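Chemist: File query.cif follows (mmCIF, C-alpha atoms and all ligand atoms):
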data_coords
loop_
_atom_site.label_atom_id
_atom_site.label_comp_id
_atom_site.auth_asym_id
_atom_site.auth_seq_id
_atom_site.Cartn_x
_atom_site.Cartn_y
_atom_site.Cartn_z
CA MET K 464 -26.88 -22.32 -13.35
CA SER K 465 -26.28 -19.75 -16.08
CA ARG K 466 -27.36 -16.96 -13.76
CA PHE K 467 -24.73 -18.07 -11.28
CA LEU K 468 -22.07 -17.99 -13.98
CA ILE K 469 -23.04 -14.48 -15.05
CA VAL K 470 -22.89 -13.20 -11.47
CA SER K 471 -19.48 -14.81 -10.98
CA ALA K 472 -18.24 -13.24 -14.18
CA LEU K 473 -19.47 -9.80 -13.11
CA ILE K 474 -17.77 -10.10 -9.76
CA GLY K 475 -14.58 -11.11 -11.51
CA ILE K 476 -14.76 -8.16 -13.88
CA SER K 477 -15.47 -5.57 -11.21
CA SER K 478 -12.61 -6.73 -9.01
CA ALA K 479 -10.28 -6.58 -12.01
CA LEU K 480 -11.43 -3.03 -12.75
CA ALA K 481 -10.81 -1.92 -9.19
CA CYS K 482 -7.11 -2.49 -9.75
CA GLU K 483 -6.93 -0.95 -13.20
CA GLY K 484 -4.50 1.90 -13.47
CA GLU K 485 -2.23 0.63 -10.78
CA GLY K 486 0.32 -0.05 -13.45
CA GLU K 487 3.81 -0.83 -12.45
CA HIS K 488 3.24 -2.21 -8.97
CA ALA K 489 0.84 -4.81 -10.27
CA GLU K 490 2.92 -7.42 -12.03
CA ALA K 491 0.11 -9.85 -11.30
CA LYS K 492 -2.48 -7.47 -12.68
CA SER K 493 -4.53 -10.05 -14.50
CA GLY K 494 -6.64 -12.52 -12.58
CA SER K 495 -6.61 -12.42 -8.83
CA HIS K 496 -4.48 -9.31 -8.24
CA CYS K 497 -7.15 -7.64 -6.12
CA ASN K 498 -7.46 -10.61 -3.83
CA MET K 499 -3.77 -10.79 -3.14
CA PRO K 500 -3.03 -10.60 0.57
CA ALA K 501 -0.39 -8.15 1.71
CA ALA K 502 2.98 -9.61 2.61
CA GLU K 503 3.31 -10.25 6.34
CA SER K 504 6.11 -7.69 6.52
CA THR K 505 3.63 -4.91 5.80
CA THR K 506 1.91 -5.43 9.16
CA ALA K 507 4.92 -6.42 11.28
CA ALA K 508 5.40 -4.64 14.61
CA LEU K 509 7.45 -1.44 14.42
CA PRO K 510 10.67 -0.80 16.29
CA SER K 511 9.82 1.20 19.42
CA ASP K 512 13.17 2.93 19.94
CA VAL K 513 12.56 5.60 17.27
CA PRO K 514 9.78 8.13 16.58
CA HIS K 515 6.70 7.06 14.64
CA ALA K 516 4.78 9.08 12.08
CA LYS K 517 1.38 8.41 10.55
CA LEU K 518 0.50 8.88 6.91
CA ALA K 519 -2.87 8.70 5.20
CA VAL K 520 -2.45 7.01 1.83
CA THR K 521 -5.04 7.09 -0.93
CA GLY K 522 -5.04 4.73 -3.89
CA MET K 523 -4.40 1.44 -2.10
CA SER K 524 -6.91 -1.23 -3.09
CA CYS K 525 -5.27 -4.56 -2.34
CA GLY K 526 -2.37 -6.39 -0.77
CA SER K 527 -0.18 -5.66 -3.75
CA CYS K 528 -0.72 -1.93 -3.21
CA ALA K 529 0.17 -2.33 0.46
CA ASP K 530 3.36 -4.12 -0.54
CA ALA K 531 4.27 -1.34 -2.98
CA VAL K 532 3.74 1.42 -0.39
CA HIS K 533 5.66 -0.57 2.20
CA ALA K 534 8.57 -1.11 -0.19
CA ALA K 535 8.68 2.57 -1.17
CA LEU K 536 8.99 3.63 2.48
CA MET K 537 11.44 0.92 3.47
CA GLY K 538 13.64 1.97 0.56
CA LEU K 539 14.35 5.28 2.29
CA ASP K 540 17.47 5.64 4.36
CA GLY K 541 16.30 6.27 7.93
CA VAL K 542 13.00 4.38 7.72
CA THR K 543 13.25 1.35 9.99
CA GLY K 544 9.70 0.07 9.83
CA ALA K 545 6.40 0.67 8.06
CA GLN K 546 3.06 -0.79 9.09
CA VAL K 547 0.39 -0.61 6.40
CA ASP K 548 -3.29 -0.79 7.33
CA LEU K 549 -5.30 -1.25 4.15
CA ALA K 550 -8.65 -1.00 5.95
CA THR K 551 -7.99 2.48 7.35
CA ALA K 552 -5.70 3.56 4.47
CA GLN K 553 -3.08 4.56 6.99
CA VAL K 554 0.60 3.78 7.32
CA GLU K 555 2.60 4.11 10.52
CA VAL K 556 6.30 4.65 9.95
CA ALA K 557 9.20 4.22 12.35
CA TYR K 558 12.00 6.55 11.33
CA ASP K 559 15.14 8.41 12.29
CA PRO K 560 14.34 12.14 12.03
CA LYS K 561 18.02 12.90 11.51
CA LYS K 562 18.02 10.91 8.29
CA VAL K 563 14.57 11.22 6.77
CA THR K 564 11.78 13.81 6.76
CA MET K 565 8.03 13.56 6.40
CA ASP K 566 8.33 15.26 3.00
CA LYS K 567 10.67 12.54 1.78
CA MET K 568 8.28 9.83 2.97
CA ILE K 569 5.34 11.50 1.21
CA ALA K 570 7.39 11.84 -1.97
CA ALA K 571 8.48 8.20 -1.85
CA VAL K 572 4.92 6.92 -1.49
CA GLY K 573 3.75 9.13 -4.36
CA SER K 574 6.70 8.38 -6.61
CA ASN K 575 5.06 5.70 -8.75
CA GLY K 576 2.08 7.91 -9.44
CA HIS K 577 -0.59 5.59 -8.05
CA PHE K 578 -0.66 6.53 -4.39
CA LYS K 579 -0.88 9.83 -2.58
CA ALA K 580 0.28 10.27 1.00
CA SER K 581 -0.33 13.03 3.49
CA ALA K 582 0.74 13.48 7.09
CA ILE K 583 -1.68 12.76 9.93
CA ASN K 584 -1.04 14.85 13.00
CU CU M 1 -3.47 -3.16 -5.95
#
Output the file's structure as structure tokens, nothing else.

Modeler:
Amino acid sequence: MSRFLIVSALIGISSALACEGEGEHAEAKSGSHCNMPAAESTTAALPSDVPHAKLAVTGMSCGSCADAVHAALMGLDGVTGAQVDLATAQVEVAYDPKKVTMDKMIAAVGSNGHFKASAIN
């Protein structure tokens, strides 16, 4: 009984630590932040009428991170879709190359200081 409680407490603590330092994206930092699922919009199918680019993104540990990366990309003029895959730490972006560049996308993902993106060729 008490052993079970200790193990549960340790699991709770380690999952809380995994999200430490994520700062501003994690409004729900206490409690179950790390178990938060990503919003459905982060995995929605991309528009197929524009080019796609792939980014590798480090620093994502939960659905809230995926949401933050998705929001950063979708906030750029010219980005029409972003599909975040937490498991592979990759993001596929649908974009208009006349309006937005890979450098801008990388800068947007990195802008809150918690994630780092790089282009995948
Ligand atoms: Cu997170």

Chemist: Find, counting only C-alpha atoms and all ligand atoms, the residue in K:Ala516, K:Ala571, K:Ala507, K:Leu549 that gets nearest to ligand CU 1 (chain M).

Modeler: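 Among the listed residues, the smallest separation from ligand CU 1 (chain M) belongs to K:Leu549.
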
Chemist: Neighbouring residues of K:Thr521 were defined as those with any atom within 9 Å, considering all atoms listed in the file; residues of the same chain fewer than 5 positions away were excluded. Please report them as a ChimeraX atom specification.

Modeler: /K:552-553,577-581

Chemist: Just checking: using only C-alpha atoms, which residue out of K:Val563, K:Ile569, K:Ala582, K:Ala501 ends up closest to K:Val547?

Modeler: K:Ala501

Chemist: Taking into account all atoms listed in the file, which residue in the set K:Ser511, K:Ser527, K:Ser504, K:Ser574 is nearest to ligand CU 1 (chain M)?

Modeler: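 Once distances to ligand CU 1 (chain M) are computed over all atoms listed in the file, the minimum belongs to K:Ser527.
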
Chemist: I'd like to know which of K:Val542, K:Glu555, K:Met523, K:Ala550 is closest to ligand CU 1 (chain M), using only C-alpha atoms and all ligand atoms.

Modeler: K:Met523

Chemist: Given the choices K:Asp566, K:Asp540, K:Asp530, K:Glu503, which gets closest to ligand CU 1 (chain M) if the distance is worked out from only C-alpha atoms and all ligand atoms?

Modeler: K:Asp530

Chemist: Using atom CA of K:Lys561 and atom CA of K:Ala502 as the two end points, give the distance in Å to one decimal.

Modeler: 28.5 Å

Chemist: Using all atoms listed in the file, list the residues that have an atom at most 9 Å from (3.8, 13.5, 16.1), coordinates as in the file, as a VMD selection string.

Modeler: chain K and resid 514 to 517 583 to 584

Chemist: Selection from above, C-alpha atoms, as a tab-separated table (two decimals), keeping the file's coordinate frame, can you write it?

Modeler:
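After the write, again-v8.tsv holds the following:
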chain	number	residue	atom	x	y	z
K	514	PRO	CA	9.78	8.13	16.58
K	515	HIS	CA	6.70	7.06	14.64
K	516	ALA	CA	4.78	9.08	12.08
K	517	LYS	CA	1.38	8.41	10.55
K	583	ILE	CA	-1.68	12.76	9.93
K	584	ASN	CA	-1.04	14.85	13.00

Chemist: Which one is closest to ligand CU 1 (chain M): K:Met565, K:Ala529, K:Leu518, K:Leu536? Count only C-alpha atoms and all ligand atoms.

Modeler: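 Looking at the shortest contact to ligand CU 1 (chain M), the residue is K:Ala529.
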
Chemist: If you measure from atom CA of K:Met499 to atom CA of K:Ala557, what distance in Å do you get, rounded to one decimal?

Modeler: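 For atom CA of K:Met499 relative to atom CA of K:Ala557, the distance reads 25.2 Å.
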
Chemist: What does the structure give for the distance between atom CA of K:Met568 and atom CA of K:Val532, in Å to one decimal?

Modeler: 10.1 Å
